[in-house]
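Reproduced below: my_file30.csv, with CSV, C-alpha atoms and all ligand atoms.
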```
chain,number,residue,atom,x,y,z
J,1,MET,CA,-4.0,-0.9,-20.4
J,2,SER,CA,-5.7,-4.1,-21.4
J,3,GLN,CA,-7.1,-6.5,-18.9
J,4,GLN,CA,-4.6,-9.2,-20.0
J,5,SER,CA,-1.6,-7.0,-19.3
J,6,GLN,CA,-3.0,-6.2,-15.9
J,7,TYR,CA,-3.2,-9.9,-15.0
J,8,ILE,CA,-0.7,-11.7,-17.2
J,9,HIS,CA,2.1,-11.9,-14.6
J,10,SER,CA,0.0,-11.9,-11.5
J,11,GLY,CA,0.2,-15.7,-10.7
J,12,GLU,CA,4.0,-15.8,-11.3
J,13,ILE,CA,4.6,-12.7,-9.1
J,14,VAL,CA,2.6,-14.2,-6.2
J,15,GLU,CA,4.4,-17.5,-6.6
J,16,LYS,CA,7.9,-15.9,-6.6
J,17,ILE,CA,7.0,-13.8,-3.5
J,18,GLY,CA,6.1,-17.0,-1.8
J,19,LYS,CA,9.3,-18.7,-2.7
J,20,ILE,CA,11.3,-15.8,-1.3
J,21,LEU,CA,9.4,-14.9,1.8
J,22,GLY,CA,7.7,-18.2,2.5
J,23,TYR,CA,4.1,-19.5,2.3
J,24,PHE,CA,1.8,-18.8,5.2
J,25,PRO,CA,-1.6,-20.3,4.2
J,26,GLY,CA,-4.5,-18.0,4.9
J,27,PHE,CA,-2.4,-14.8,5.0
J,28,ARG,CA,-1.7,-12.1,2.5
J,29,SER,CA,1.5,-12.8,0.4
J,30,LEU,CA,2.7,-9.4,1.6
J,31,HIS,CA,1.5,-7.3,4.5
J,32,ALA,CA,0.6,-10.6,6.1
J,33,ASP,CA,0.0,-9.3,9.6
J,34,GLY,CA,-2.5,-6.4,10.1
J,35,ARG,CA,-5.2,-5.1,12.3
J,36,LEU,CA,-8.4,-3.2,11.4
J,37,TYR,CA,-9.6,0.1,12.8
J,38,ARG,CA,-12.7,2.2,12.1
J,39,GLY,CA,-13.6,5.9,11.9
J,40,VAL,CA,-14.7,8.6,9.6
J,41,PHE,CA,-13.3,10.9,6.9
J,42,LYS,CA,-14.5,14.5,6.3
J,43,ALA,CA,-13.2,16.5,3.3
J,44,ASN,CA,-12.7,20.3,3.5
J,45,GLU,CA,-13.7,23.0,1.0
J,46,ALA,CA,-10.4,22.7,-0.9
J,47,ALA,CA,-11.2,19.1,-2.0
J,48,LYS,CA,-13.8,20.2,-4.5
J,49,LEU,CA,-11.3,22.2,-6.4
J,50,TYR,CA,-9.6,19.0,-7.4
J,51,THR,CA,-12.1,16.2,-7.4
J,52,ARG,CA,-15.8,15.5,-7.7
J,53,ALA,CA,-15.4,12.1,-6.0
J,54,VAL,CA,-18.4,11.5,-3.8
J,55,HIS,CA,-16.5,10.8,-0.6
J,56,LEU,CA,-14.5,14.0,-1.0
J,57,GLN,CA,-17.4,16.5,-1.1
J,58,GLY,CA,-17.6,17.3,2.6
J,59,ASP,CA,-20.0,14.7,4.0
J,60,GLU,CA,-18.8,12.5,6.9
J,61,ILE,CA,-17.9,9.2,5.3
J,62,PRO,CA,-17.4,5.9,7.2
J,63,VAL,CA,-13.9,4.4,6.8
J,64,THR,CA,-11.9,1.4,7.9
J,65,VAL,CA,-8.1,1.3,8.0
J,66,ARG,CA,-5.9,-1.8,8.0
J,67,PHE,CA,-2.5,-1.1,9.4
J,68,SER,CA,0.0,-3.8,8.6
J,69,LYS,CA,3.6,-5.0,8.7
J,70,GLY,CA,5.3,-4.9,5.2
J,71,GLY,CA,6.5,-8.5,5.0
J,72,GLY,CA,5.1,-11.9,4.2
J,73,ASP,CA,5.7,-13.5,7.6
J,74,PRO,CA,2.7,-12.8,9.8
J,75,TYR,CA,4.8,-13.8,12.9
J,76,ALA,CA,7.7,-11.4,12.2
J,77,HIS,CA,8.6,-8.3,14.2
J,78,PHE,CA,7.8,-4.8,12.9
J,79,SER,CA,10.3,-3.2,10.5
J,80,SER,CA,10.5,0.3,9.0
J,81,THR,CA,7.9,-0.5,6.3
J,82,VAL,CA,4.3,-0.5,7.5
J,83,GLY,CA,1.1,-0.2,5.5
J,84,MET,CA,-2.1,1.8,5.9
J,85,ALA,CA,-5.0,0.6,3.6
J,86,THR,CA,-8.0,2.9,3.9
J,87,ARG,CA,-11.5,1.9,2.7
J,88,PHE,CA,-14.2,4.5,2.2
J,89,TYR,CA,-17.8,3.3,2.4
J,90,LEU,CA,-19.7,5.3,-0.3
J,91,PRO,CA,-23.4,6.4,0.1
J,92,ASP,CA,-24.4,4.1,-2.8
J,93,GLY,CA,-23.1,1.0,-1.0
J,94,CYS,CA,-19.8,0.8,-3.1
J,95,VAL,CA,-16.4,1.2,-1.6
J,96,THR,CA,-13.1,2.8,-2.8
J,97,ASN,CA,-9.6,2.2,-1.4
J,98,LEU,CA,-6.6,4.4,-0.7
J,99,VAL,CA,-3.6,2.3,0.0
J,100,MET,CA,-0.4,3.7,1.4
J,101,LEU,CA,3.0,2.8,2.8
J,102,SER,CA,5.3,4.4,5.3
J,103,GLN,CA,7.9,4.5,2.5
J,104,LYS,CA,7.8,7.2,-0.2
J,105,LEU,CA,8.8,5.1,-3.2
J,106,PHE,CA,8.5,1.5,-4.6
J,107,ILE,CA,11.5,-0.5,-5.6
J,108,ALA,CA,10.8,-1.1,-9.3
J,109,ARG,CA,9.6,1.1,-12.2
J,110,THR,CA,8.2,-1.5,-14.4
J,111,VAL,CA,6.7,-5.0,-14.1
J,112,GLU,CA,9.7,-6.4,-15.9
J,113,GLN,CA,12.1,-4.8,-13.5
J,114,PHE,CA,10.1,-6.1,-10.6
J,115,MET,CA,10.1,-9.6,-12.0
J,116,ASP,CA,13.9,-9.4,-12.5
J,117,LEU,CA,14.2,-8.3,-8.9
J,118,LEU,CA,12.2,-11.3,-7.7
J,119,GLU,CA,14.2,-13.6,-9.9
J,120,ALA,CA,17.5,-12.2,-8.4
J,121,GLY,CA,16.3,-12.7,-4.9
J,122,LEU,CA,15.0,-16.3,-5.3
J,123,PRO,CA,16.7,-18.7,-2.9
J,124,LYS,CA,19.4,-20.9,-4.5
J,125,GLU,CA,17.6,-24.0,-3.2
J,126,PRO,CA,13.9,-24.3,-2.3
J,127,GLY,CA,13.2,-23.1,1.2
J,128,GLY,CA,16.7,-21.5,1.5
J,129,PRO,CA,17.5,-18.0,2.4
J,130,ILE,CA,16.9,-15.0,0.1
J,131,ASN,CA,19.7,-14.6,-2.4
J,132,LYS,CA,21.4,-11.5,-1.1
J,133,GLU,CA,24.3,-11.7,-3.6
J,134,GLY,CA,21.8,-11.9,-6.5
J,135,LEU,CA,20.0,-8.8,-5.1
J,136,GLN,CA,23.3,-6.9,-4.8
J,137,HIS,CA,24.0,-7.6,-8.5
J,138,PHE,CA,20.5,-6.6,-9.4
J,139,PHE,CA,20.7,-3.3,-7.5
J,140,ALA,CA,24.1,-2.5,-9.1
J,141,ALA,CA,22.6,-3.1,-12.6
J,142,ASN,CA,19.4,-1.1,-11.7
J,143,PRO,CA,20.5,2.1,-10.0
J,144,ASN,CA,16.9,3.5,-9.7
J,145,SER,CA,15.9,0.4,-7.7
J,146,GLY,CA,19.2,0.4,-5.8
J,147,ALA,CA,18.6,4.0,-4.7
J,148,VAL,CA,15.2,3.2,-3.4
J,149,PHE,CA,16.5,0.1,-1.6
J,150,LYS,CA,19.1,2.2,0.1
J,151,MET,CA,16.6,4.9,1.0
J,152,ARG,CA,14.2,2.4,2.5
J,153,ALA,CA,17.0,0.6,4.4
J,154,GLU,CA,18.1,3.9,6.0
J,155,SER,CA,14.6,5.1,6.9
J,156,LEU,CA,13.5,5.3,10.5
J,157,ALA,CA,10.9,2.8,11.9
J,158,PRO,CA,7.6,4.0,13.4
J,159,VAL,CA,7.2,4.7,17.2
J,160,SER,CA,3.4,4.7,16.7
J,161,PHE,CA,1.1,4.5,13.7
J,162,ALA,CA,-0.3,7.8,15.0
J,163,HIS,CA,3.1,9.4,14.4
J,164,THR,CA,3.7,7.9,11.0
J,165,GLU,CA,3.4,9.6,7.6
J,166,PHE,CA,2.0,7.4,4.8
J,167,ASN,CA,2.3,7.7,1.0
J,168,ALA,CA,0.3,6.3,-1.9
J,169,VAL,CA,3.5,6.3,-3.9
J,170,HIS,CA,1.8,6.3,-7.4
J,171,ALA,CA,0.4,9.4,-9.0
J,172,PHE,CA,-3.4,9.5,-9.6
J,173,TYR,CA,-5.5,12.0,-11.6
J,174,PHE,CA,-8.1,13.9,-9.5
J,175,ILE,CA,-10.9,15.1,-11.8
J,176,ASN,CA,-13.2,17.9,-10.6
J,177,ALA,CA,-16.8,18.8,-11.5
J,178,GLU,CA,-15.5,20.7,-14.6
J,179,SER,CA,-13.7,17.6,-15.7
J,180,ARG,CA,-10.3,19.3,-15.1
J,181,PRO,CA,-7.6,16.7,-14.2
J,182,THR,CA,-4.9,17.3,-11.6
J,183,ALA,CA,-2.1,14.8,-11.3
J,184,VAL,CA,-1.4,14.3,-7.6
J,185,ARG,CA,0.4,12.1,-5.1
J,186,CYS,CA,-1.6,11.4,-1.9
J,187,HIS,CA,-0.2,11.4,1.6
J,188,TRP,CA,-1.6,10.8,5.1
J,189,LYS,CA,0.0,13.3,7.5
J,190,PRO,CA,-0.4,12.4,11.2
J,191,ALA,CA,-2.0,15.2,13.2
J,192,LEU,CA,0.3,14.5,16.1
J,193,GLY,CA,3.4,15.0,14.0
J,194,ILE,CA,6.0,12.6,12.6
J,195,LYS,CA,8.3,10.6,14.9
J,196,GLY,CA,10.6,7.7,14.2
J,197,GLN,CA,13.0,5.3,15.9
J,198,SER,CA,15.7,2.9,15.0
J,199,PRO,CA,14.4,-0.2,13.3
J,200,GLU,CA,16.5,-2.3,15.7
J,201,VAL,CA,14.8,-0.8,18.7
J,202,LEU,CA,11.4,-1.5,17.2
J,203,ALA,CA,12.3,-5.1,16.3
J,204,ALA,CA,13.3,-5.8,19.9
J,205,GLN,CA,9.8,-5.2,21.1
J,206,PRO,CA,6.8,-7.6,21.0
J,207,THR,CA,5.6,-8.5,17.5
J,208,ASP,CA,2.2,-6.7,18.0
J,209,ILE,CA,3.6,-3.6,19.7
J,210,LEU,CA,2.3,-1.0,17.2
J,211,TYR,CA,-1.2,-2.5,17.3
J,212,THR,CA,-1.5,-2.6,21.1
J,213,GLU,CA,-0.1,0.9,21.2
J,214,LEU,CA,-2.7,2.2,18.8
J,215,THR,CA,-5.6,0.3,20.5
J,216,GLY,CA,-4.5,1.7,23.9
J,217,ARG,CA,-4.3,5.2,22.5
J,218,LEU,CA,-7.7,5.0,20.9
J,219,ALA,CA,-9.2,3.9,24.3
J,220,ASN,CA,-8.4,7.5,25.4
J,221,GLU,CA,-8.7,9.7,22.3
J,222,PRO,CA,-9.3,9.6,18.6
J,223,VAL,CA,-6.3,9.6,16.2
J,224,HIS,CA,-6.3,12.0,13.2
J,225,PHE,CA,-4.6,12.0,9.8
J,226,ASP,CA,-4.8,14.8,7.3
J,227,LEU,CA,-5.1,13.9,3.6
J,228,GLU,CA,-2.6,15.9,1.7
J,229,LEU,CA,-2.3,16.2,-2.1
J,230,GLU,CA,1.1,16.8,-3.6
J,231,LEU,CA,0.4,18.6,-6.9
J,232,ALA,CA,2.5,17.6,-10.0
J,233,GLN,CA,4.0,20.2,-12.3
J,234,GLU,CA,4.6,19.9,-16.0
J,235,GLY,CA,7.2,17.3,-16.6
J,236,ASP,CA,7.0,15.4,-13.3
J,237,PRO,CA,7.0,11.7,-14.0
J,238,LEU,CA,3.5,10.2,-13.5
J,239,ASN,CA,4.4,6.6,-14.2
J,240,ASP,CA,7.5,6.0,-12.2
J,241,ALA,CA,7.1,4.9,-8.5
J,242,THR,CA,10.9,4.9,-8.0
J,243,VAL,CA,11.3,8.7,-8.3
J,244,LEU,CA,10.3,11.6,-6.0
J,245,TRP,CA,9.1,14.9,-7.4
J,246,PRO,CA,11.0,18.0,-6.5
J,247,GLU,CA,10.5,19.0,-2.9
J,248,ASN,CA,8.9,22.4,-3.6
J,249,ARG,CA,5.7,20.9,-5.1
J,250,GLN,CA,2.6,22.6,-3.7
J,251,ARG,CA,0.8,20.5,-1.1
J,252,VAL,CA,-2.9,21.0,-0.2
J,253,VAL,CA,-4.7,19.4,2.7
J,254,ILE,CA,-8.2,18.3,1.5
J,255,GLY,CA,-9.7,16.6,4.6
J,256,ARG,CA,-9.2,14.8,7.9
J,257,LEU,CA,-9.5,11.1,8.9
J,258,THR,CA,-10.6,10.4,12.5
J,259,LEU,CA,-9.9,6.9,13.8
J,260,THR,CA,-11.9,6.0,16.9
J,261,ALA,CA,-11.8,2.2,17.6
J,262,PRO,CA,-10.5,-1.2,16.5
J,263,THR,CA,-12.7,-3.4,14.4
J,264,THR,CA,-12.7,-6.8,12.7
J,265,GLU,CA,-13.4,-8.4,9.3
J,266,GLU,CA,-16.5,-9.9,11.0
J,267,GLU,CA,-17.8,-6.6,12.1
J,268,ILE,CA,-17.2,-5.1,8.7
J,269,GLY,CA,-18.8,-8.0,7.0
J,270,ASP,CA,-16.0,-8.7,4.5
J,271,LYS,CA,-13.7,-11.6,5.4
J,272,VAL,CA,-11.4,-10.9,2.4
J,273,MET,CA,-10.8,-7.1,2.6
J,274,ASN,CA,-8.9,-7.0,-0.7
J,275,HIS,CA,-7.4,-3.5,-0.8
J,276,ASP,CA,-6.9,-3.3,-4.5
J,277,PRO,CA,-5.5,0.3,-5.0
J,278,SER,CA,-7.2,0.6,-8.4
J,279,LEU,CA,-10.7,0.2,-6.9
J,280,LEU,CA,-11.5,3.9,-7.5
J,281,THR,CA,-14.6,5.9,-8.0
J,282,ASP,CA,-15.7,8.7,-10.4
J,283,GLY,CA,-13.5,11.7,-9.8
J,284,ILE,CA,-10.2,9.8,-9.3
J,285,GLU,CA,-8.5,8.0,-12.2
J,286,PRO,CA,-5.4,5.8,-12.3
J,287,THR,CA,-2.3,6.9,-14.2
J,288,ASP,CA,-0.6,4.5,-16.6
J,289,ASP,CA,2.1,3.6,-14.0
J,290,PRO,CA,2.7,-0.1,-14.8
J,291,ILE,CA,3.2,-1.0,-11.2
J,292,LEU,CA,-0.1,0.5,-10.2
J,293,GLN,CA,-1.7,-1.3,-13.1
J,294,ILE,CA,-0.4,-4.8,-12.2
J,295,ARG,CA,-1.5,-4.5,-8.6
J,296,ARG,CA,-5.1,-5.4,-9.2
J,297,GLY,CA,-4.3,-8.8,-10.6
J,298,VAL,CA,-1.6,-9.5,-8.0
J,299,TYR,CA,-3.9,-8.6,-5.1
J,300,GLU,CA,-6.8,-10.7,-6.6
J,301,VAL,CA,-4.5,-13.8,-6.8
J,302,SER,CA,-3.2,-13.3,-3.3
J,303,ALA,CA,-6.7,-12.8,-2.0
J,304,ALA,CA,-8.0,-15.9,-3.8
J,305,HIS,CA,-5.2,-18.0,-2.4
J,306,ARG,CA,-5.7,-16.9,1.2
J,307,SER,CA,-9.4,-17.3,1.1
J,308,GLY,CA,-9.2,-20.8,-0.3
J,309,GLY,CA,-9.8,-19.9,-3.9
J,310,TRP,CA,-7.7,-20.7,-6.9
J,311,ARG,CA,-4.9,-23.2,-6.8
J,312,LYS,CA,-4.1,-22.1,-10.3
J,313,CYS,CA,-4.1,-18.6,-11.6
J,314,PRO,CA,-7.0,-18.5,-14.2
J,315,PHE,CA,-5.1,-15.8,-16.2
J,316,THR,CA,-1.8,-17.5,-16.6
J,317,GLY,CA,-2.2,-21.1,-15.5
J,318,ASN,CA,0.6,-20.8,-13.0
J,319,THR,CA,0.2,-22.8,-9.8
J,320,SER,CA,1.1,-21.1,-6.6
J,321,ALA,CA,1.3,-21.4,-2.8
J,322,SER,CA,0.6,-25.1,-2.2
J,401,LIG,C1,4.5,-4.8,-8.2
J,401,LIG,C2,4.3,-4.1,-7.1
J,401,LIG,C3,3.5,-4.7,-5.9
J,401,LIG,C4,3.2,-6.0,-5.6
J,401,LIG,C5,3.5,-7.2,-6.5
J,401,LIG,C6,2.5,-6.0,-4.4
J,401,LIG,C7,2.0,-7.2,-3.8
J,401,LIG,C8,1.1,-7.2,-2.7
J,401,LIG,C9,0.4,-8.3,-2.3
J,401,LIG,C10,0.4,-9.7,-2.9
J,401,LIG,C11,-0.4,-7.9,-1.2
J,401,LIG,C12,-1.4,-8.8,-0.5
J,401,LIG,C13,-2.8,-8.6,-1.2
J,401,LIG,C14,-3.9,-9.3,-0.5
J,401,LIG,O1,-3.8,-10.5,-0.3
J,401,LIG,O2,-4.9,-8.7,-0.2
J,401,LIG,C15,-0.1,-6.5,-1.0
J,401,LIG,C16,-0.6,-5.8,0.0
J,401,LIG,C17,-0.3,-4.5,0.2
J,401,LIG,N1,0.5,-3.6,-0.6
J,401,LIG,FE1,1.4,-4.2,-2.2
J,401,LIG,N2,2.4,-4.8,-3.9
J,401,LIG,C18,3.0,-3.9,-4.8
J,401,LIG,C19,3.2,-2.6,-4.7
J,401,LIG,C20,2.8,-1.8,-3.7
J,401,LIG,C21,2.9,-0.4,-3.6
J,401,LIG,C22,3.6,0.5,-4.6
J,401,LIG,C23,2.4,0.0,-2.4
J,401,LIG,C24,2.3,1.4,-1.9
J,401,LIG,C25,1.3,2.0,-1.5
J,401,LIG,C26,1.9,-1.2,-1.7
J,401,LIG,C27,1.2,-1.3,-0.5
J,401,LIG,C28,0.6,-2.4,0.0
J,401,LIG,C29,-0.2,-2.4,1.2
J,401,LIG,C30,-0.4,-1.2,2.2
J,401,LIG,C31,-0.8,-3.7,1.4
J,401,LIG,C32,-1.7,-4.2,2.5
J,401,LIG,C33,-3.1,-4.1,2.0
J,401,LIG,C34,-4.0,-4.6,3.1
J,401,LIG,O3,-3.8,-4.2,4.3
J,401,LIG,O4,-5.0,-5.3,2.8
J,401,LIG,N3,2.1,-2.3,-2.5
J,401,LIG,N4,0.8,-6.1,-1.9
```

Could you express the structure from this file as structure tokens?
Amino acid sequence: MSQQSQYIHSGEIVEKIGKILGYFPGFRSLHADGRLYRGVFKANEAAKLYTRAVHLQGDEIPVTVRFSKGGGDPYAHFSSTVGMATRFYLPDGCVTNLVMLSQKLFIARTVEQFMDLLEAGLPKEPGGPINKEGLQHFFAANPNSGAVFKMRAESLAPVSFAHTEFNAVHAFYFINAESRPTAVRCHWKPALGIKGQSPEVLAAQPTDILYTELTGRLANEPVHFDLELELAQEGDPLNDATVLWPENRQRVVIGRLTLTAPTTEEEIGDKVMNHDPSLLTDGIEPTDDPILQIRRGVYEVSAAHRSGGWRKCPFTGNTSAS
């Protein structure tokens, strides 16, 4: 995919997200509220079968994780969608990201479908409420998106990050030392097992409840997640983030993440922490999923706005979040 197609709609997308969810200067357009934690990742022997990526060869690799709420309002309560953005610090000083959601699927298959969704949800007047009627029409006309909306609306909310499964949603190619590619979907499986609760019960609790819960837990013991690869079979869609693969796909655990303590942007030394999911390293390649491809540009625009950068998207000329 060309650089232009990665960036062409980025400014417009960030602008529309702001019109729907509100502008909160200095915060991410989505996943506005989050907290950072640190720890290590250690791959097991199985990892090498699938990838030659330097952080997946068995050495202990420093990591940071940003857990976040899904929405654009940093002062909102938690909902059933939370994020887990993991950064691996590679021996050569570079980093690579693995970005996941508590949801298994994304709500649009293509950039065009996502832009139509945003258009449908735009408030009828500036600053007004989200256009729920417009969205209902959109979901009726776009059944794949409607099905994901329903699935996400019916999903349980977390009781603790330590009991939540996370999913990278897109497929990636893992490339091993023999240059053999395997198409996979990645998941973080909580070592303590998966538990959920009703979103209403979670929303009635303090707005920072899952962060204080995790910080309190880490004061007593580390928290572990296993990195699981779901292996595609011939014919499984690799470019459609709105569709699950059949349930019987082989799953292989390739390593364990151990979180030990909270941290901060200052301690890490990166005030922006842009978790672009296409910031990969040799041994992992993106698929041509158009939603995965567009994310680099969108995250750069959002990161630039919140860090006092562009008032105007340099790729499209659109103004945004003023
Ligand atoms: C067209 C599709 C998408 C758009 C437009 C979008 C937009 C955004 C934006 C604007 C941010 C804030 C970036 C920043 O300021 O650093 C963000 C963060 C995030 N997105 Fe997406 N996103 C999309 C798809 C996805 C998907 C498929 C996932 C599934 C893994 C995902 C997971 C996350 C997470 C976990 C964060 C928080 C990252 C952090 O903690 O720094 N997004 N997204």

Worksheet item: Can you tell me, as a ChimeraX atom specification, which residues sit within 10 Å of (-9.5, 17.4, -12.7) in the file's frame, using only C-alpha atoms?
Response: /J:48-52,173-183,283-285

Worksheet item: Any idea what's packed within 8 Å of Leu117 in chain J, counting all atoms listed in the file, ignoring anything in its chain fewer than 3 positions away? Could you give it as JSON, numbers by chain?
Response: {"J": [108, 113, 114, 120, 121, 135, 138]}

How close does chain J get to ligand LIG 401 (chain J)? List, as CSV, each residue of chain J within 8 Å, its nearest atom pair and the distance in Å to one decimal, counting all atoms listed in the file.
```
residue,atom,partner,partner_atom,distance
J:Ser10,CA,J:LIG401,C5,7.7
J:Ile13,CA,J:LIG401,C5,6.2
J:Val14,CA,J:LIG401,C10,6.0
J:Ile17,CA,J:LIG401,C10,7.8
J:Phe27,CA,J:LIG401,O1,7.0
J:Arg28,CA,J:LIG401,O1,3.8
J:Ser29,CA,J:LIG401,C10,4.7
J:Leu30,CA,J:LIG401,C11,4.4
J:His31,CA,J:LIG401,C32,4.9
J:Ala32,CA,J:LIG401,C12,7.1
J:Gly34,CA,J:LIG401,O3,6.3
J:Val65,CA,J:LIG401,O3,7.9
J:Arg66,CA,J:LIG401,O3,4.9
J:Phe67,CA,J:LIG401,O3,6.1
J:Ser68,CA,J:LIG401,O3,5.8
J:Gly70,CA,J:LIG401,C29,7.2
J:Val82,CA,J:LIG401,C30,7.1
J:Gly83,CA,J:LIG401,C30,3.8
J:Met84,CA,J:LIG401,C30,5.1
J:Ala85,CA,J:LIG401,O3,5.0
J:Val99,CA,J:LIG401,C25,5.1
J:Met100,CA,J:LIG401,C25,3.8
J:Leu101,CA,J:LIG401,C25,4.7
J:Gln103,CA,J:LIG401,C24,7.8
J:Leu105,CA,J:LIG401,C22,7.1
J:Phe106,CA,J:LIG401,C22,5.0
J:Ala108,CA,J:LIG401,C1,7.4
J:Thr110,CA,J:LIG401,C1,7.9
J:Val111,CA,J:LIG401,C1,6.3
J:Phe114,CA,J:LIG401,C1,6.2
J:Asn167,CA,J:LIG401,C25,6.3
J:Ala168,CA,J:LIG401,C25,4.4
J:Val169,CA,J:LIG401,C25,5.4
J:His170,CA,J:LIG401,C22,6.7
J:Ala241,CA,J:LIG401,C22,6.8
J:Val272,CA,J:LIG401,O2,7.3
J:Met273,CA,J:LIG401,O4,6.1
J:Asn274,CA,J:LIG401,O2,4.4
J:His275,CA,J:LIG401,O4,4.7
J:Asp276,CA,J:LIG401,O2,7.2
J:Pro277,CA,J:LIG401,C25,7.8
J:Ile291,CA,J:LIG401,C1,5.0
J:Leu292,CA,J:LIG401,C22,6.7
J:Ile294,CA,J:LIG401,C1,6.3
J:Arg295,CA,J:LIG401,C3,5.7
J:Val298,CA,J:LIG401,C10,5.5
J:Tyr299,CA,J:LIG401,C13,4.1
J:Glu300,CA,J:LIG401,C14,6.9
J:Val301,CA,J:LIG401,O1,7.3
J:Ser302,CA,J:LIG401,O1,4.1
J:Ala303,CA,J:LIG401,O1,4.1
J:Ala304,CA,J:LIG401,O1,7.7
J:His305,CA,J:LIG401,O1,7.9
J:Arg306,CA,J:LIG401,O1,6.8
```

Worksheet entry | Nearest to Ser198 in chain J, chosen from J:Pro158, J:Gly235, J:Gly58, J:Gly26, with all atoms listed in the file counted in the distances |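 Selected residue with least distance to Ser198 in chain J: J:Pro158.
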
Practice prompt. With a distance cut-off of 8 Å and all atoms listed in the file, select the neighbouring residues of Arg152 in chain J, excluding the residue or stretch itself and same-chain residues fewer than 2 positions from it, and output the selection as a PyMOL selection string.
Written response: chain J and resi 80-81+103+148-150+154-155

Practice prompt. Go through J:Asp270, J:Glu213, J:Asp208, J:Glu230 one by one, measure the shortest atom-to-atom distance of each to His77 in chain J using all atoms listed in the file, and give the residue with the smallest value.
Written response: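 Smallest separation from His77 in chain J among the options: J:Asp208.
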
Worksheet entry | Selected residue of minimal separation from Gly127 in chain J among J:Leu156, J:Ala171, J:Ala43, J:Ile20, counting all atoms listed in the file |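 Once distances to Gly127 in chain J are computed over all atoms listed in the file, the minimum belongs to J:Ile20.
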
Item to complete: Pick out the closest residue to Thr242 in chain J from this set: J:Glu221, J:Asp33, J:Asp289, J:Glu266. Count only C-alpha atoms.
Response: J:Asp289

Discussion item. Just want the 7 Å neighbourhood of Arg251 in chain J, counted on only C-alpha atoms, with same-chain residues fewer than 2 positions away dropped. Output as a VMD selection string.
Written reply: chain J and resid 228 to 231 249 253

Worksheet entry | Between CA of Leu279 in chain J and CA of Trp188 in chain J, distance in Å (one decimal) |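 A separation of 18.4 Å between them.
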
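Here CA of Asp92 in chain J stands at a distance of 27.7 Å from CA of Phe166 in chain J.
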
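Remark: for Gly196 in chain J, the closest of the candidate residues J:His163, J:Lys124, J:Arg87, J:His137 is J:His163 (distances computed over only C-alpha atoms).
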
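Going from CA of Ala232 in chain J to CA of Pro246 in chain J covers 9.2 Å.
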
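For the point (6.4, -8.4, 19.6) in file coordinates, the residues within 12 Å, using all atoms listed in the file, are Asp33, Lys69, Pro74, Tyr75, Ala76, His77, Phe78, Ser79, Val201, Leu202, Ala203, Ala204, Gln205, Pro206, Thr207, Asp208, Ile209, Leu210, Tyr211, Thr212 and Glu213 of chain J.
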
Written selection (C-alpha atoms) as a short mmCIF file (atom, residue, chain, number, x, y, z; two decimals), in the frame of the given file:
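Output file result14.cif is given in full below:
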```cif
data_model
loop_
_atom_site.label_atom_id
_atom_site.label_comp_id
_atom_site.auth_asym_id
_atom_site.auth_seq_id
_atom_site.Cartn_x
_atom_site.Cartn_y
_atom_site.Cartn_z
CA ASP J 33 0.00 -9.30 9.60
CA LYS J 69 3.60 -5.00 8.70
CA PRO J 74 2.70 -12.80 9.80
CA TYR J 75 4.80 -13.80 12.90
CA ALA J 76 7.70 -11.40 12.20
CA HIS J 77 8.60 -8.30 14.20
CA PHE J 78 7.80 -4.80 12.90
CA SER J 79 10.30 -3.20 10.50
CA VAL J 201 14.80 -0.80 18.70
CA LEU J 202 11.40 -1.50 17.20
CA ALA J 203 12.30 -5.10 16.30
CA ALA J 204 13.30 -5.80 19.90
CA GLN J 205 9.80 -5.20 21.10
CA PRO J 206 6.80 -7.60 21.00
CA THR J 207 5.60 -8.50 17.50
CA ASP J 208 2.20 -6.70 18.00
CA ILE J 209 3.60 -3.60 19.70
CA LEU J 210 2.30 -1.00 17.20
CA TYR J 211 -1.20 -2.50 17.30
CA THR J 212 -1.50 -2.60 21.10
CA GLU J 213 -0.10 0.90 21.20
#
```

Response to the item:
For Pro143 in chain J, the closest of J:Val184, J:Leu238, J:Val243, J:Leu192 counting only C-alpha atoms is J:Val243
